[in-house]
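Chemist: mmCIF, C-alpha atoms, file input_5.cif:
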```
data_target
#
loop_
_atom_site.label_atom_id
_atom_site.label_comp_id
_atom_site.auth_asym_id
_atom_site.auth_seq_id
_atom_site.Cartn_x
_atom_site.Cartn_y
_atom_site.Cartn_z
CA MET A 48 153.07 -83.47 8.61
CA ARG A 49 150.37 -81.06 9.80
CA LEU A 50 148.02 -83.72 11.19
CA ILE A 51 149.17 -82.93 14.73
CA GLU A 52 147.86 -79.36 14.51
CA LEU A 53 144.22 -80.42 14.01
CA ALA A 54 141.73 -79.43 16.69
CA VAL A 55 140.69 -82.10 19.15
CA ASN A 56 137.03 -81.01 19.30
CA GLU A 57 136.25 -81.53 15.61
CA SER A 58 133.75 -84.15 14.46
CA ASN A 59 135.11 -87.37 12.97
CA THR A 60 133.81 -86.31 9.55
CA GLU A 61 135.75 -83.04 9.79
CA LEU A 62 138.84 -84.87 11.07
CA ALA A 63 138.67 -87.37 8.19
CA ARG A 64 138.44 -84.48 5.73
CA HIS A 65 141.39 -82.66 7.38
CA TYR A 66 143.53 -85.82 7.53
CA THR A 67 142.76 -86.46 3.86
CA THR A 68 143.74 -82.89 2.94
CA ALA A 69 146.96 -83.03 4.99
CA LEU A 70 147.97 -86.39 3.53
CA ASN A 71 147.21 -85.32 -0.01
CA SER A 72 149.52 -82.34 0.39
CA ARG A 73 152.32 -84.88 0.97
CA PHE A 74 151.23 -87.57 -1.51
CA ALA A 75 150.05 -85.31 -4.39
CA PRO A 76 153.55 -84.60 -5.72
CA HIS A 77 153.82 -88.37 -6.25
CA ASP A 78 150.40 -88.52 -7.96
CA ILE A 79 148.89 -90.71 -5.21
CA PRO A 80 145.50 -89.42 -4.01
CA ILE A 81 144.75 -90.59 -0.44
CA LYS A 82 141.43 -90.69 1.42
CA ILE A 83 140.80 -91.30 5.13
CA THR A 84 137.36 -92.60 6.14
CA THR A 85 135.40 -91.60 9.24
CA HIS A 86 135.59 -95.24 10.32
CA PHE A 87 139.39 -94.87 10.32
CA ILE A 88 139.06 -91.92 12.72
CA ASP A 89 136.60 -93.87 14.91
CA ARG A 90 138.99 -96.81 15.18
CA MET A 91 141.93 -94.69 16.34
CA SER A 92 140.39 -94.58 19.84
CA ASP A 93 138.75 -98.03 19.80
CA PRO A 94 139.29 -99.95 23.08
CA ARG A 95 140.44 -103.02 21.12
CA ASN A 96 143.66 -101.13 20.39
CA GLN A 97 144.65 -101.41 24.09
CA GLU A 98 145.77 -97.78 23.97
CA PRO A 99 144.48 -95.21 21.46
CA ILE A 100 146.44 -94.67 18.27
CA THR A 101 147.78 -91.14 18.37
CA VAL A 102 147.82 -88.55 15.63
CA GLY A 103 151.63 -88.63 15.83
CA GLU A 104 151.64 -92.38 15.19
CA ILE A 105 149.37 -91.87 12.16
CA ALA A 106 151.66 -89.11 10.84
CA ASP A 107 154.69 -91.40 11.29
CA PHE A 108 152.87 -94.32 9.63
CA PHE A 109 152.06 -92.30 6.50
CA SER A 110 155.55 -90.78 6.40
CA LYS A 111 157.07 -94.28 6.42
CA LEU A 112 154.54 -95.39 3.82
CA LEU A 113 155.52 -92.53 1.53
CA ILE A 114 159.24 -93.18 1.96
CA LYS A 115 159.16 -96.98 1.66
CA ARG A 116 156.11 -97.84 -0.47
CA LYS A 117 155.08 -94.92 -2.68
CA LYS A 118 155.78 -96.81 -5.94
CA PHE A 119 153.86 -99.81 -4.63
CA LEU A 120 150.81 -97.64 -3.81
CA LYS A 121 150.98 -95.80 -7.10
CA ASP A 122 151.14 -99.06 -9.07
CA LEU A 123 148.39 -100.80 -7.08
CA PRO A 124 145.69 -101.85 -9.57
CA ASP A 125 142.24 -100.29 -9.20
CA GLY A 126 139.92 -102.46 -7.10
CA THR A 127 142.83 -104.06 -5.22
CA SER A 128 143.06 -104.24 -1.42
CA VAL A 129 146.21 -104.51 0.65
CA MET A 130 147.05 -104.43 4.35
CA VAL A 131 150.03 -102.34 5.40
CA VAL A 132 151.65 -103.19 8.73
CA ASP A 133 154.11 -100.98 10.58
CA LEU A 134 156.46 -103.48 12.19
CA GLU A 135 157.72 -100.99 14.79
CA THR A 136 154.34 -99.83 16.16
CA ASP A 137 152.20 -102.85 15.20
CA ILE A 138 149.72 -100.51 13.50
CA THR A 139 147.82 -102.10 10.62
CA VAL A 140 145.92 -100.16 7.94
CA PRO A 141 143.97 -101.84 5.15
CA PHE A 142 143.89 -99.86 1.91
CA LYS A 143 141.71 -100.21 -1.14
CA LYS A 144 142.32 -98.49 -4.46
CA VAL A 145 139.13 -97.12 -6.02
CA ASN A 146 139.13 -94.86 -9.08
CA ASP A 147 142.88 -94.28 -8.64
CA THR A 148 142.40 -93.09 -5.03
CA VAL A 149 144.06 -95.05 -2.21
CA ILE A 150 141.51 -95.29 0.62
CA ALA A 151 142.59 -96.04 4.21
CA THR A 152 139.46 -97.81 5.41
CA THR A 153 140.33 -98.47 9.07
CA VAL A 154 143.24 -98.70 11.48
CA MET A 155 144.12 -100.84 14.45
CA ARG A 156 146.98 -101.77 16.68
CA GLY A 157 147.74 -105.44 16.20
CA SER A 158 147.07 -107.95 13.49
CA MET A 159 143.93 -107.93 11.35
CA HIS A 160 142.70 -111.24 10.04
CA GLN A 161 140.58 -110.49 6.99
CA GLY A 162 140.54 -112.96 4.14
CA THR A 163 143.54 -113.33 1.92
CA GLN A 164 144.47 -109.67 1.48
CA ARG A 165 148.09 -109.12 0.61
CA LYS A 166 150.16 -107.82 3.53
CA VAL A 167 152.99 -105.34 3.09
CA ALA A 168 155.38 -104.26 5.84
CA ILE A 169 156.80 -100.79 6.39
#
```
Translate the structure described by the file into structure tokens.
Modeler:
Amino acid sequence: MRLIELAVNESNTELARHYTTALNSRFAPHDIPIKITTHFIDRMSDPRNQEPITVGEIADFFSKLLIKRKKFLKDLPDGTSVMVVDLETDITVPFKKVNDTVIATTVMRGSMHQGTQRKVAI
């Protein structure tokens, strides 16, 4: 995945747009539009993660997601939220499907405790 090639000095808005473009190049053949928010980019380096979440970890997360859960994401009903947890890296990403686009709203290392969202492991 080409996420690793992105410039370090770009704004979070530009990074979110580039991540979205890179992910869509991988997910588009499966008819799963993906969007990354600027908040997602902000949270990658949040101190609550203990250590920052790297671009490589994000690339691996989405690769696993595509391999293991593409049908699940594609069939997710509009307006539904779900939390996806990578059991190897302990990275958690909540997703929401809006107008047939799967939006990655934030990211963190560790467990998120938000309501009764469904959790799915990769």
Chemist: For the structure provided, state which residues fall under the PyMOL selection byres ((chain A and resi 127-141) around 10), and present them as a PyMOL selection string.
Modeler: chain A and resi 87+96+100+104-105+107-109+111-112+116+120+123-126+142-145+149-161+163-169
Chemist: Excluding region 66-70 of chain A and its own-chain neighbours fewer than 3 positions away, which residues fall within 10 Å of it when counting all atoms listed in the file? Please give them as a ChimeraX atom specification.
Modeler: /A:48-51,53,60-63,73-75,79-84,88,102,105-106,109-110,113,150-151
Chemist: For the atom pair CA of Arg64 (chain A) and CA of Asp93 (chain A), what is the interatomic distance in Å to one decimal place?
Modeler: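 CA of Asp93 (chain A) lies 19.5 Å from CA of Arg64 (chain A).
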Chemist: Could you work out an axis-aligned box for region 62-68 of chain A, taking every atom the file lists and adding 5 Å on each side, and report centre and edge lengths in Å to one decimal, as lines of an AutoDock Vina configuration file?
Modeler:
```
center_x = 141.1
center_y = -85.0
center_z = 7.0
size_x = 15.3
size_y = 14.7
size_z = 18.1
```
Chemist: Could you tell me how far CA of Lys118 (chain A) lies from CA of His77 (chain A), in Å and to one decimal?
Modeler: 8.7 Å
Chemist: Pick the closest to Asp122 (chain A) from A:Pro94, A:Thr85, A:Pro99, A:Asp78: which is it, counting all atoms listed in the file?
Modeler: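 Result for the nearest residue to Asp122 (chain A): A:Asp78.
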